[in-house]
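A.B. asks: Hey, dropping coords-v3.pdb in here, PDB, C-alpha atoms, pLDDT in the B column:
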```
ATOM      1  CA  MET A   9      53.123 118.445 152.105  1.00 96.00           C
ATOM      2  CA  LEU A  10      51.227 121.706 151.726  1.00 98.00           C
ATOM      3  CA  ALA A  11      47.603 122.592 152.461  1.00 98.00           C
ATOM      4  CA  ILE A  12      46.181 125.653 150.723  1.00 98.00           C
ATOM      5  CA  TYR A  13      42.954 126.834 152.336  1.00 98.00           C
ATOM      6  CA  GLY A  14      40.701 129.082 150.256  1.00 97.00           C
ATOM      7  CA  SER A  15      37.960 129.838 152.776  1.00 95.00           C
ATOM      8  CA  SER A  16      37.286 133.401 153.846  1.00 92.00           C
ATOM      9  CA  ARG A  17      35.957 132.090 157.174  1.00 92.00           C
ATOM     10  CA  GLU A  18      38.248 130.895 159.939  1.00 91.00           C
ATOM     11  CA  ASN A  19      37.401 127.345 161.034  1.00 91.00           C
ATOM     12  CA  GLY A  20      34.839 127.045 158.253  1.00 94.00           C
ATOM     13  CA  ASN A  21      33.407 123.814 156.941  1.00 96.00           C
ATOM     14  CA  SER A  22      35.873 123.275 154.096  1.00 97.00           C
ATOM     15  CA  GLU A  23      38.709 123.940 156.527  1.00 96.00           C
ATOM     16  CA  LYS A  24      37.285 121.400 158.994  1.00 97.00           C
ATOM     17  CA  LEU A  25      36.996 118.752 156.288  1.00 97.00           C
ATOM     18  CA  ALA A  26      40.566 119.411 155.134  1.00 98.00           C
ATOM     19  CA  ASP A  27      41.781 119.221 158.735  1.00 97.00           C
ATOM     20  CA  TRP A  28      40.299 115.714 158.955  1.00 98.00           C
ATOM     21  CA  VAL A  29      42.154 114.785 155.764  1.00 98.00           C
ATOM     22  CA  LEU A  30      45.418 116.170 157.151  1.00 98.00           C
ATOM     23  CA  GLU A  31      45.116 114.900 160.730  1.00 97.00           C
ATOM     24  CA  GLY A  32      48.389 113.421 161.961  1.00 95.00           C
ATOM     25  CA  THR A  33      50.359 114.464 158.871  1.00 96.00           C
ATOM     26  CA  GLU A  34      53.339 116.747 158.676  1.00 95.00           C
ATOM     27  CA  HIS A  35      52.271 119.661 156.526  1.00 97.00           C
ATOM     28  CA  THR A  36      52.461 123.393 156.088  1.00 97.00           C
ATOM     29  CA  ALA A  37      49.167 125.301 156.041  1.00 98.00           C
ATOM     30  CA  ILE A  38      48.585 128.447 154.021  1.00 98.00           C
ATOM     31  CA  HIS A  39      45.322 130.315 154.547  1.00 98.00           C
ATOM     32  CA  LEU A  40      44.758 132.509 151.515  1.00 98.00           C
ATOM     33  CA  ARG A  41      42.462 134.796 153.548  1.00 97.00           C
ATOM     34  CA  LYS A  42      45.587 135.881 155.447  1.00 98.00           C
ATOM     35  CA  LYS A  43      47.504 136.638 152.255  1.00 98.00           C
ATOM     36  CA  THR A  44      47.245 139.396 149.724  1.00 97.00           C
ATOM     37  CA  ILE A  45      47.213 137.962 146.230  1.00 96.00           C
ATOM     38  CA  LEU A  46      46.172 140.610 143.774  1.00 93.00           C
ATOM     39  CA  PRO A  47      44.073 139.749 140.723  1.00 91.00           C
ATOM     40  CA  ILE A  48      46.021 139.132 137.565  1.00 85.00           C
ATOM     41  CA  ALA A  49      46.695 141.923 135.129  1.00 84.00           C
ATOM     42  CA  ASP A  50      46.984 139.809 131.991  1.00 85.00           C
ATOM     43  CA  LYS A  51      50.036 140.996 130.112  1.00 82.00           C
ATOM     44  CA  ARG A  52      50.754 137.734 128.241  1.00 82.00           C
ATOM     45  CA  HIS A  53      50.443 139.283 124.822  1.00 84.00           C
ATOM     46  CA  GLU A  54      51.969 142.671 125.528  1.00 85.00           C
ATOM     47  CA  GLU A  55      55.525 143.727 124.910  1.00 84.00           C
ATOM     48  CA  GLY A  56      57.418 143.279 128.150  1.00 82.00           C
ATOM     49  CA  GLY A  57      54.908 140.745 129.441  1.00 81.00           C
ATOM     50  CA  PHE A  58      53.926 140.495 133.067  1.00 84.00           C
ATOM     51  CA  GLN A  59      55.344 143.051 135.455  1.00 82.00           C
ATOM     52  CA  PRO A  60      56.361 142.306 139.055  1.00 83.00           C
ATOM     53  CA  VAL A  61      53.544 142.602 141.589  1.00 88.00           C
ATOM     54  CA  GLU A  62      54.172 143.449 145.230  1.00 92.00           C
ATOM     55  CA  ASP A  63      51.968 141.024 147.141  1.00 95.00           C
ATOM     56  CA  ASP A  64      52.175 137.618 148.857  1.00 97.00           C
ATOM     57  CA  PHE A  65      51.906 135.495 145.714  1.00 96.00           C
ATOM     58  CA  HIS A  66      55.627 134.782 145.551  1.00 94.00           C
ATOM     59  CA  SER A  67      55.811 133.416 149.093  1.00 96.00           C
ATOM     60  CA  VAL A  68      52.798 131.184 148.435  1.00 98.00           C
ATOM     61  CA  ILE A  69      54.080 129.959 145.075  1.00 97.00           C
ATOM     62  CA  ASP A  70      57.516 129.263 146.579  1.00 96.00           C
ATOM     63  CA  ALA A  71      55.925 127.060 149.256  1.00 98.00           C
ATOM     64  CA  PHE A  72      53.792 125.409 146.576  1.00 98.00           C
ATOM     65  CA  LEU A  73      56.797 124.651 144.388  1.00 97.00           C
ATOM     66  CA  LYS A  74      58.663 123.052 147.308  1.00 96.00           C
ATOM     67  CA  ALA A  75      55.810 120.676 148.167  1.00 97.00           C
ATOM     68  CA  ASP A  76      55.467 117.245 146.611  1.00 96.00           C
ATOM     69  CA  THR A  77      51.822 116.881 147.671  1.00 97.00           C
ATOM     70  CA  VAL A  78      49.230 119.665 147.890  1.00 98.00           C
ATOM     71  CA  VAL A  79      45.739 119.632 149.389  1.00 98.00           C
ATOM     72  CA  PHE A  80      43.533 122.406 148.012  1.00 98.00           C
ATOM     73  CA  SER A  81      40.575 123.236 150.249  1.00 98.00           C
ATOM     74  CA  THR A  82      37.790 125.573 149.172  1.00 98.00           C
ATOM     75  CA  PRO A  83      34.169 126.210 149.939  1.00 97.00           C
ATOM     76  CA  LEU A  84      31.794 125.940 147.009  1.00 97.00           C
ATOM     77  CA  TYR A  85      31.014 129.596 146.271  1.00 93.00           C
ATOM     78  CA  TRP A  86      28.544 130.211 143.446  1.00 92.00           C
ATOM     79  CA  TYR A  87      29.362 126.783 141.991  1.00 93.00           C
ATOM     80  CA  GLY A  88      33.096 127.448 141.875  1.00 96.00           C
ATOM     81  CA  MET A  89      36.166 127.885 144.025  1.00 97.00           C
ATOM     82  CA  SER A  90      36.554 130.824 146.376  1.00 97.00           C
ATOM     83  CA  GLY A  91      37.740 134.119 144.923  1.00 96.00           C
ATOM     84  CA  SER A  92      41.036 133.984 146.806  1.00 96.00           C
ATOM     85  CA  MET A  93      41.797 130.527 145.414  1.00 97.00           C
ATOM     86  CA  LYS A  94      40.789 131.623 141.917  1.00 97.00           C
ATOM     87  CA  ASP A  95      43.135 134.617 142.170  1.00 96.00           C
ATOM     88  CA  PHE A  96      45.929 132.223 143.207  1.00 97.00           C
ATOM     89  CA  PHE A  97      45.343 129.956 140.204  1.00 97.00           C
ATOM     90  CA  GLU A  98      44.966 132.845 137.774  1.00 94.00           C
ATOM     91  CA  ARG A  99      48.367 134.146 138.821  1.00 94.00           C
ATOM     92  CA  TRP A 100      49.805 130.843 137.583  1.00 95.00           C
ATOM     93  CA  SER A 101      49.678 132.468 134.136  1.00 92.00           C
ATOM     94  CA  GLN A 102      52.312 134.868 135.382  1.00 91.00           C
ATOM     95  CA  ALA A 103      54.315 132.094 137.087  1.00 93.00           C
ATOM     96  CA  LEU A 104      54.346 130.071 133.859  1.00 92.00           C
ATOM     97  CA  ARG A 105      56.185 132.921 132.150  1.00 89.00           C
ATOM     98  CA  ASP A 106      58.625 133.583 134.994  1.00 88.00           C
ATOM     99  CA  GLU A 107      61.808 131.885 133.779  1.00 87.00           C
ATOM    100  CA  THR A 108      63.299 131.926 137.289  1.00 90.00           C
ATOM    101  CA  LEU A 109      60.573 129.560 138.525  1.00 91.00           C
ATOM    102  CA  SER A 110      60.673 126.848 135.824  1.00 92.00           C
ATOM    103  CA  PHE A 111      57.055 126.538 136.882  1.00 95.00           C
ATOM    104  CA  LYS A 112      55.731 123.779 134.632  1.00 93.00           C
ATOM    105  CA  GLU A 113      58.831 121.621 135.136  1.00 94.00           C
ATOM    106  CA  SER A 114      58.681 122.153 138.922  1.00 95.00           C
ATOM    107  CA  VAL A 115      54.972 121.334 139.132  1.00 96.00           C
ATOM    108  CA  LYS A 116      54.995 118.229 136.941  1.00 96.00           C
ATOM    109  CA  GLY A 117      54.353 115.099 138.986  1.00 95.00           C
ATOM    110  CA  LYS A 118      53.140 116.829 142.140  1.00 97.00           C
ATOM    111  CA  LYS A 119      50.239 115.046 143.783  1.00 97.00           C
ATOM    112  CA  ALA A 120      47.031 117.017 144.286  1.00 98.00           C
ATOM    113  CA  TYR A 121      43.960 116.476 146.443  1.00 98.00           C
ATOM    114  CA  VAL A 122      40.854 118.664 146.532  1.00 98.00           C
ATOM    115  CA  VAL A 123      38.504 119.198 149.467  1.00 98.00           C
ATOM    116  CA  ILE A 124      35.247 121.106 148.947  1.00 98.00           C
ATOM    117  CA  ALA A 125      32.369 121.902 151.283  1.00 97.00           C
ATOM    118  CA  GLY A 126      29.096 123.481 150.267  1.00 96.00           C
ATOM    119  CA  GLY A 127      25.370 123.503 150.886  1.00 93.00           C
ATOM    120  CA  ASP A 128      22.452 122.760 148.580  1.00 90.00           C
ATOM    121  CA  SER A 129      23.386 119.469 146.867  1.00 94.00           C
ATOM    122  CA  PRO A 130      27.146 120.066 146.654  1.00 95.00           C
ATOM    123  CA  LYS A 131      27.933 116.480 145.615  1.00 94.00           C
ATOM    124  CA  ILE A 132      26.238 117.334 142.309  1.00 96.00           C
ATOM    125  CA  LYS A 133      26.781 121.082 142.048  1.00 96.00           C
ATOM    126  CA  ALA A 134      30.535 120.896 142.810  1.00 97.00           C
ATOM    127  CA  LEU A 135      31.236 118.419 140.011  1.00 97.00           C
ATOM    128  CA  PRO A 136      32.054 121.166 137.459  1.00 97.00           C
ATOM    129  CA  LEU A 137      34.559 122.528 139.989  1.00 98.00           C
ATOM    130  CA  ILE A 138      36.159 119.093 140.303  1.00 98.00           C
ATOM    131  CA  GLN A 139      36.419 119.037 136.525  1.00 98.00           C
ATOM    132  CA  GLN A 140      38.022 122.504 136.579  1.00 98.00           C
ATOM    133  CA  PHE A 141      40.645 121.274 139.050  1.00 98.00           C
ATOM    134  CA  GLN A 142      41.242 118.241 136.805  1.00 98.00           C
ATOM    135  CA  TYR A 143      41.844 120.489 133.794  1.00 98.00           C
ATOM    136  CA  ILE A 144      44.191 122.729 135.787  1.00 98.00           C
ATOM    137  CA  PHE A 145      46.196 119.765 137.053  1.00 98.00           C
ATOM    138  CA  ASP A 146      46.303 118.144 133.611  1.00 97.00           C
ATOM    139  CA  PHE A 147      47.567 121.376 132.064  1.00 97.00           C
ATOM    140  CA  VAL A 148      50.579 121.577 134.386  1.00 97.00           C
ATOM    141  CA  GLY A 149      51.192 117.841 134.709  1.00 97.00           C
ATOM    142  CA  MET A 150      50.053 117.331 138.294  1.00 98.00           C
ATOM    143  CA  GLU A 151      48.555 114.036 139.389  1.00 97.00           C
ATOM    144  CA  PHE A 152      44.972 114.416 140.658  1.00 98.00           C
ATOM    145  CA  CYS A 153      44.867 111.816 143.446  1.00 97.00           C
ATOM    146  CA  GLY A 154      41.386 112.378 144.830  1.00 97.00           C
ATOM    147  CA  TYR A 155      38.686 114.676 146.068  1.00 98.00           C
ATOM    148  CA  ILE A 156      36.010 114.941 148.722  1.00 98.00           C
ATOM    149  CA  ILE A 157      32.847 117.000 148.531  1.00 98.00           C
ATOM    150  CA  GLY A 158      31.222 117.582 151.903  1.00 97.00           C
ATOM    151  CA  GLU A 159      27.749 118.919 152.551  1.00 97.00           C
ATOM    152  CA  ALA A 160      27.706 121.819 154.986  1.00 96.00           C
ATOM    153  CA  ASN A 161      26.262 125.293 154.882  1.00 90.00           C
ATOM    154  CA  ALA A 162      26.142 126.975 158.292  1.00 92.00           C
ATOM    155  CA  PRO A 163      29.115 127.042 160.679  1.00 92.00           C
ATOM    156  CA  GLY A 164      29.596 123.640 162.283  1.00 92.00           C
ATOM    157  CA  ASP A 165      27.491 121.733 159.737  1.00 94.00           C
ATOM    158  CA  MET A 166      30.475 119.680 158.573  1.00 94.00           C
ATOM    159  CA  GLU A 167      30.123 117.549 161.693  1.00 95.00           C
ATOM    160  CA  LYS A 168      26.770 116.290 160.333  1.00 96.00           C
ATOM    161  CA  ASP A 169      28.168 114.845 157.094  1.00 96.00           C
ATOM    162  CA  LYS A 170      29.271 111.407 158.285  1.00 97.00           C
ATOM    163  CA  LYS A 171      29.959 110.183 154.746  1.00 97.00           C
ATOM    164  CA  ALA A 172      32.409 113.042 154.062  1.00 97.00           C
ATOM    165  CA  ALA A 173      34.052 112.432 157.450  1.00 97.00           C
ATOM    166  CA  ALA A 174      34.546 108.768 156.526  1.00 97.00           C
ATOM    167  CA  GLU A 175      35.929 109.734 153.105  1.00 97.00           C
ATOM    168  CA  ALA A 176      38.319 112.149 154.847  1.00 97.00           C
ATOM    169  CA  GLY A 177      39.570 109.272 156.986  1.00 97.00           C
ATOM    170  CA  VAL A 178      40.210 107.143 153.893  1.00 97.00           C
ATOM    171  CA  MET A 179      42.022 110.004 152.148  1.00 97.00           C
ATOM    172  CA  ASN A 180      44.039 110.631 155.315  1.00 97.00           C
ATOM    173  CA  GLU A 181      45.243 107.015 155.293  1.00 96.00           C
ATOM    174  CA  GLN A 182      46.034 107.243 151.579  1.00 95.00           C
ATOM    175  CA  ILE A 183      48.131 110.383 152.133  1.00 95.00           C
ATOM    176  CA  LYS A 184      49.925 108.906 155.145  1.00 94.00           C
ATOM    177  CA  HIS A 185      50.685 105.694 153.234  1.00 90.00           C
ATOM    178  CA  MET A 186      51.970 107.653 150.241  1.00 82.00           C
ATOM    179  CA  ASN A 187      54.274 109.775 152.408  1.00 72.00           C
ATOM    180  CA  ARG A 188      55.929 106.871 154.233  1.00 70.00           C
TER
END
```
Let me see whether you can do it: turn the structure in this file into structure tokens.
C.D. replies:
Amino acid sequence: MLAIYGSSRENGNSEKLADWVLEGTEHTAIHLRKKTILPIADKRHEEGGFQPVEDDFHSVIDAFLKADTVVFSTPLYWYGMSGSMKDFFERWSQALRDETLSFKESVKGKKAYVVIAGGDSPKIKALPLIQQFQYIFDFVGMEFCGYIIGEANAPGDMEKDKKAAAEAGVMNEQIKHMNR
């Protein structure tokens, strides 16, 4: 199992919520804030296509392709995912055209969970982001197994959202049961 954290803040609220989801599980954690994933230079329609990029994308995508279950954790930034997570997903366009990866075939059937934390009515305002994740997963054939939206703004606020904590416990049990 793989956890991909999109927060720019160490020990932030979305990270805390994801940690509750992952408690007691065997997983690999990737913090995108510690990686360099350059924005995509869209070369889909140009002769020669995408060119190799020297950054950390390949190590992250390799770990992603090896995982059967992935938990994506992001704060709600301006009603969407964090920039680092968006850069990661946008580079999938390049991965889809990399014949050495067999990306779509390798991704099909993977299980995906999404964990989001945000302030100012996130359980409503994050719904378009949940839909975006659904469309992404549908496009590549991943199974969207569940999501949690926690309400937290300032550091440490996640502790106050008892409903999200309870939902994290339920998702944790679901993940543990699935991986037995």
A.B. asks: Which residues are close to region 131-133 of chain A, i.e. within 10 Å by all atoms listed in the file, leaving aside same-chain residues fewer than 3 positions away? Reply as JSON, numbers by chain.
C.D. replies: {"A": [84, 86, 87, 88, 124, 125, 126, 127, 128, 136, 137, 138, 156, 157, 158, 159]}
A.B. asks: Of the candidates A:Phe72, A:Trp100, A:Tyr121, A:Tyr13, which shows the shortest atom-to-atom distance to Phe58 (chain A), using all atoms listed in the file?
C.D. replies: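 Between A:Phe72, A:Trp100, A:Tyr121, A:Tyr13, the residue approaching Phe58 (chain A) most closely is A:Trp100.
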A.B. asks: Please report the interatomic distance between CA of Phe152 (chain A) and CA of Gly32 (chain A) in Å with one decimal.
C.D. replies: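 Taking CA of Phe152 (chain A) as the start and CA of Gly32 (chain A) as the end point, the length is 21.6 Å.
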A.B. asks: I need the output of the PyMOL selection byres ((chain A and resi 10) around 9) for this file as a ChimeraX atom specification; which residues are they?
C.D. replies: /A:9,11-12,34-38,71-72,74-80
A.B. asks: Go through the shown structure with the PyMOL selection byres ((chain A and resi 114) around 12) and write out the matching residues as a list in words.
C.D. replies: Ile69, Asp70, Ala71, Phe72, Leu73, Lys74, Ala75, Asp76, Ala103, Leu104, Glu107, Thr108, Leu109, Ser110, Phe111, Lys112, Glu113, Val115, Lys116, Gly117, Lys118, Val148, Gly149 and Met150 of chain A
A.B. asks: So that each row is one residue of region 96-185 of chain A with an atom at most 9 Å from region 59-67 of chain A, can you give its shortest atom pair and the distance in Å to one decimal, using all atoms listed in the file, rows by chain and rising number, as CSV?
C.D. replies:
```
residue,atom,partner,partner_atom,distance
A:Phe96,CA,A:Phe65,CA,7.3
A:Arg99,CA,A:Phe65,CA,7.9
A:Gln102,CA,A:Gln59,CA,8.7
A:Ala103,CA,A:His66,CA,9.0
```
A.B. asks: Looking at A:Asp95, A:Glu181, A:Glu167, A:Glu175, which one is nearest to Pro47 (chain A), with distances taken over all atoms listed in the file?
C.D. replies: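 Checking each candidate against Pro47 (chain A), we get A:Asp95 as the closest.
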A.B. asks: Provide the CA of Glu54 (chain A) to CA of Phe147 (chain A) distance in Å, to one decimal place.
C.D. replies: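 Taking CA of Glu54 (chain A) and CA of Phe147 (chain A), their separation equals 22.7 Å.
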A.B. asks: Which residues, protein or nucleic acid, reach to within 12 Å of (58.7, 108.7, 156.2) in the file's coordinates when using all atoms listed in the file, and can you give that as a ChimeraX atom specification?
C.D. replies: /A:9,33-34,183-188
A.B. asks: Between CA of Ala120 (chain A) and CA of Glu151 (chain A), what is the spacing in Å?
C.D. replies: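 Distance between the two atoms: 5.9 Å.
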A.B. asks: Applying the PyMOL selection byres ((chain A and resi 20) around 10) to the file I just gave you, which residues come out? Please list them as a list in words.
C.D. replies: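 Checking the PyMOL selection byres ((chain A and resi 20) around 10) against this file, the residues are Ser15, Ser16, Arg17, Glu18, Asn19, Asn21, Ser22, Glu23, Lys24, Leu25, Thr82, Pro83, Ala125, Ala160, Asn161, Ala162, Pro163, Gly164, Asp165 and Met166 of chain A.
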